[in-house]
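Here's the structure, in structure tokens; my notes come after.
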Amino acid sequence: MKRPEWDEYFMQIAQLVATRSTCMRRQVGAVLVKEKNILATGYNGVPSGITHCEVTGCLREQMNVPSGERHELCRGLHAEQNGIIQAARHGTNISGSTLYCTDSPCIICSKMLINAGVVEVVFSRGYPDKLSLEMLAEAGIDVKQYIVDNK
């Protein structure tokens with residue numbers, strides 16, 4: 001397969017992973033890949049054993065927090081964070097990997113991806129966080145938007 005076909009394949013997997021999300025605002029899926037092998041996946045939602053937002057209500061909605069701001073005001077973790085955590089729990093080195101994600105990473109996730117050694121980020125939907133993209137570029141991480149054709 002040519003590289004663009006692999007991008008489509010892994011982006012479709014990220015979309016499938018997003019269906020496991022428990023977030024009421026935005027379902028996000030992430031897949032960390034190296035040498036065409038899936039290393040870890042993640043989706044956004046509350047930590048294990050914590051009451052889901054569908055029961056407690058969305059804190060960000062209750063506080064009218066705009067998308068892309070005040071990330072700490074949320075009960076959940078981002079898909080990228082859960083992917084990194086899953087890799088760490090299983091002892092999987094993600095340095096040199098590519099992140100395929102349904103959404104562009106926020107600044108917090110970007111800092112984690114930089115320090116984890118991710119070398120490329122491929123995303124579908126944009127996210128209102130200019131600093132995130134600036135820091136990824138400064139770190140030399142290749143970033144590209146890939147629109148999945150949902151035929």
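Here, A, B, ... name the chains of the structure tokens in the order displayed, residue numbers run from 1 inside each chain, and ligands are numbered from 1 in the same displayed order.
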Looking only at strand (DSSP E) from DSSP on the backbone, list the matching residues of chain A as a PyMOL selection string. chain A and resi 29-34+37-43+98-103+120-125+142-145
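Near A:Gln27, within 12 Å and counting only C-alpha atoms, sit Ala14, Gln15, Leu16, Val17, Ala18, Thr19, Arg20, Ser21, Thr22, Cys23, Gly42, Tyr43, Asn44, Gly45, Gly76, Leu77, His78, Ala79, Cys101, Thr102, Asp103 and Arg125 of chain A; same-chain residues fewer than 4 positions away were not included.
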Go ahead and write the selection's residues with N, CA, C and O atoms as a PDB file, in the first residue's frame.
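Saved as out_16.pdb:
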```pdb
ATOM      1  N   ALA A  14      -8.908   5.261  13.961  1.00  0.00           N
ATOM      2  CA  ALA A  14      -9.079   6.314  14.973  1.00  0.00           C
ATOM      3  C   ALA A  14     -10.554   6.686  15.106  1.00  0.00           C
ATOM      4  O   ALA A  14     -11.058   6.887  16.215  1.00  0.00           O
ATOM      5  N   GLN A  15     -11.252   6.757  13.972  1.00  0.00           N
ATOM      6  CA  GLN A  15     -12.684   7.062  14.019  1.00  0.00           C
ATOM      7  C   GLN A  15     -13.456   5.959  14.741  1.00  0.00           C
ATOM      8  O   GLN A  15     -14.383   6.232  15.506  1.00  0.00           O
ATOM      9  N   LEU A  16     -13.088   4.718  14.512  1.00  0.00           N
ATOM     10  CA  LEU A  16     -13.733   3.602  15.187  1.00  0.00           C
ATOM     11  C   LEU A  16     -13.463   3.647  16.693  1.00  0.00           C
ATOM     12  O   LEU A  16     -14.372   3.466  17.509  1.00  0.00           O
ATOM     13  N   VAL A  17     -12.225   3.931  17.064  1.00  0.00           N
ATOM     14  CA  VAL A  17     -11.855   4.035  18.476  1.00  0.00           C
ATOM     15  C   VAL A  17     -12.664   5.149  19.148  1.00  0.00           C
ATOM     16  O   VAL A  17     -13.096   5.019  20.296  1.00  0.00           O
ATOM     17  N   ALA A  18     -12.918   6.234  18.430  1.00  0.00           N
ATOM     18  CA  ALA A  18     -13.686   7.363  18.977  1.00  0.00           C
ATOM     19  C   ALA A  18     -15.098   6.958  19.389  1.00  0.00           C
ATOM     20  O   ALA A  18     -15.691   7.594  20.272  1.00  0.00           O
ATOM     21  N   THR A  19     -15.620   5.907  18.797  1.00  0.00           N
ATOM     22  CA  THR A  19     -16.980   5.485  19.146  1.00  0.00           C
ATOM     23  C   THR A  19     -17.060   4.961  20.576  1.00  0.00           C
ATOM     24  O   THR A  19     -18.146   4.849  21.125  1.00  0.00           O
ATOM     25  N   ARG A  20     -15.932   4.678  21.198  1.00  0.00           N
ATOM     26  CA  ARG A  20     -15.902   4.227  22.599  1.00  0.00           C
ATOM     27  C   ARG A  20     -15.918   5.403  23.573  1.00  0.00           C
ATOM     28  O   ARG A  20     -16.064   5.218  24.774  1.00  0.00           O
ATOM     29  N   SER A  21     -15.778   6.607  23.054  1.00  0.00           N
ATOM     30  CA  SER A  21     -15.725   7.809  23.887  1.00  0.00           C
ATOM     31  C   SER A  21     -16.988   7.968  24.721  1.00  0.00           C
ATOM     32  O   SER A  21     -18.093   7.691  24.265  1.00  0.00           O
ATOM     33  N   THR A  22     -16.797   8.463  25.939  1.00  0.00           N
ATOM     34  CA  THR A  22     -17.935   8.748  26.821  1.00  0.00           C
ATOM     35  C   THR A  22     -18.170  10.249  26.956  1.00  0.00           C
ATOM     36  O   THR A  22     -19.015  10.669  27.738  1.00  0.00           O
ATOM     37  N   CYS A  23     -17.429  11.050  26.192  1.00  0.00           N
ATOM     38  CA  CYS A  23     -17.580  12.503  26.263  1.00  0.00           C
ATOM     39  C   CYS A  23     -18.888  12.934  25.604  1.00  0.00           C
ATOM     40  O   CYS A  23     -19.248  12.444  24.535  1.00  0.00           O
ATOM     41  N   GLY A  42      -6.459   5.210  22.123  1.00  0.00           N
ATOM     42  CA  GLY A  42      -7.072   5.943  23.228  1.00  0.00           C
ATOM     43  C   GLY A  42      -8.294   6.689  22.740  1.00  0.00           C
ATOM     44  O   GLY A  42      -8.403   7.009  21.558  1.00  0.00           O
ATOM     45  N   TYR A  43      -9.210   6.910  23.641  1.00  0.00           N
ATOM     46  CA  TYR A  43     -10.392   7.720  23.358  1.00  0.00           C
ATOM     47  C   TYR A  43     -10.636   8.604  24.561  1.00  0.00           C
ATOM     48  O   TYR A  43     -10.156   8.329  25.670  1.00  0.00           O
ATOM     49  N   ASN A  44     -11.376   9.685  24.365  1.00  0.00           N
ATOM     50  CA  ASN A  44     -11.572  10.623  25.469  1.00  0.00           C
ATOM     51  C   ASN A  44     -12.712  10.160  26.369  1.00  0.00           C
ATOM     52  O   ASN A  44     -13.706   9.622  25.916  1.00  0.00           O
ATOM     53  N   GLY A  45     -12.495  10.374  27.654  1.00  0.00           N
ATOM     54  CA  GLY A  45     -13.489  10.003  28.650  1.00  0.00           C
ATOM     55  C   GLY A  45     -12.894  10.033  30.039  1.00  0.00           C
ATOM     56  O   GLY A  45     -11.692  10.261  30.217  1.00  0.00           O
ATOM     57  N   GLY A  76     -12.718  14.346  32.220  1.00  0.00           N
ATOM     58  CA  GLY A  76     -12.146  13.345  31.335  1.00  0.00           C
ATOM     59  C   GLY A  76     -10.704  13.598  30.938  1.00  0.00           C
ATOM     60  O   GLY A  76     -10.132  14.658  31.177  1.00  0.00           O
ATOM     61  N   LEU A  77     -10.146  12.571  30.330  1.00  0.00           N
ATOM     62  CA  LEU A  77      -8.830  12.636  29.720  1.00  0.00           C
ATOM     63  C   LEU A  77      -9.018  12.691  28.210  1.00  0.00           C
ATOM     64  O   LEU A  77     -10.010  12.193  27.680  1.00  0.00           O
ATOM     65  N   HIS A  78      -8.044  13.265  27.528  1.00  0.00           N
ATOM     66  CA  HIS A  78      -8.103  13.320  26.073  1.00  0.00           C
ATOM     67  C   HIS A  78      -7.649  11.986  25.481  1.00  0.00           C
ATOM     68  O   HIS A  78      -6.932  11.214  26.125  1.00  0.00           O
ATOM     69  N   ALA A  79      -8.061  11.730  24.254  1.00  0.00           N
ATOM     70  CA  ALA A  79      -7.725  10.480  23.578  1.00  0.00           C
ATOM     71  C   ALA A  79      -6.210  10.280  23.487  1.00  0.00           C
ATOM     72  O   ALA A  79      -5.708   9.170  23.715  1.00  0.00           O
ATOM     73  N   CYS A 101      -5.184  10.854  14.819  1.00  0.00           N
ATOM     74  CA  CYS A 101      -6.206  11.301  15.743  1.00  0.00           C
ATOM     75  C   CYS A 101      -7.352  11.971  14.988  1.00  0.00           C
ATOM     76  O   CYS A 101      -7.112  12.662  13.995  1.00  0.00           O
ATOM     77  N   THR A 102      -8.549  11.768  15.478  1.00  0.00           N
ATOM     78  CA  THR A 102      -9.701  12.378  14.820  1.00  0.00           C
ATOM     79  C   THR A 102      -9.655  13.894  14.913  1.00  0.00           C
ATOM     80  O   THR A 102     -10.218  14.577  14.069  1.00  0.00           O
ATOM     81  N   ASP A 103      -8.974  14.432  15.920  1.00  0.00           N
ATOM     82  CA  ASP A 103      -8.897  15.873  16.133  1.00  0.00           C
ATOM     83  C   ASP A 103      -7.452  16.311  16.328  1.00  0.00           C
ATOM     84  O   ASP A 103      -6.625  15.543  16.826  1.00  0.00           O
ATOM     85  N   ARG A 125     -10.159  16.493  12.079  1.00  0.00           N
ATOM     86  CA  ARG A 125     -10.814  17.769  12.421  1.00  0.00           C
ATOM     87  C   ARG A 125      -9.837  18.708  13.120  1.00  0.00           C
ATOM     88  O   ARG A 125      -9.011  18.281  13.916  1.00  0.00           O
TER      89      ARG A 125
END
```
Using only C-alpha atoms, which protein or nucleic acid residues come within 9 Å of A:Asp129? Drop anything in the same chain fewer than 6 positions from it, and give the result as a list in words. Gly68, Glu69, Ser104, Pro105, Cys106 and Ile107 of chain A
Using atom CA of A:Asn93 and atom CA of A:Lys36 as the two end points, give the distance in Å to one decimal. 14.5 Å
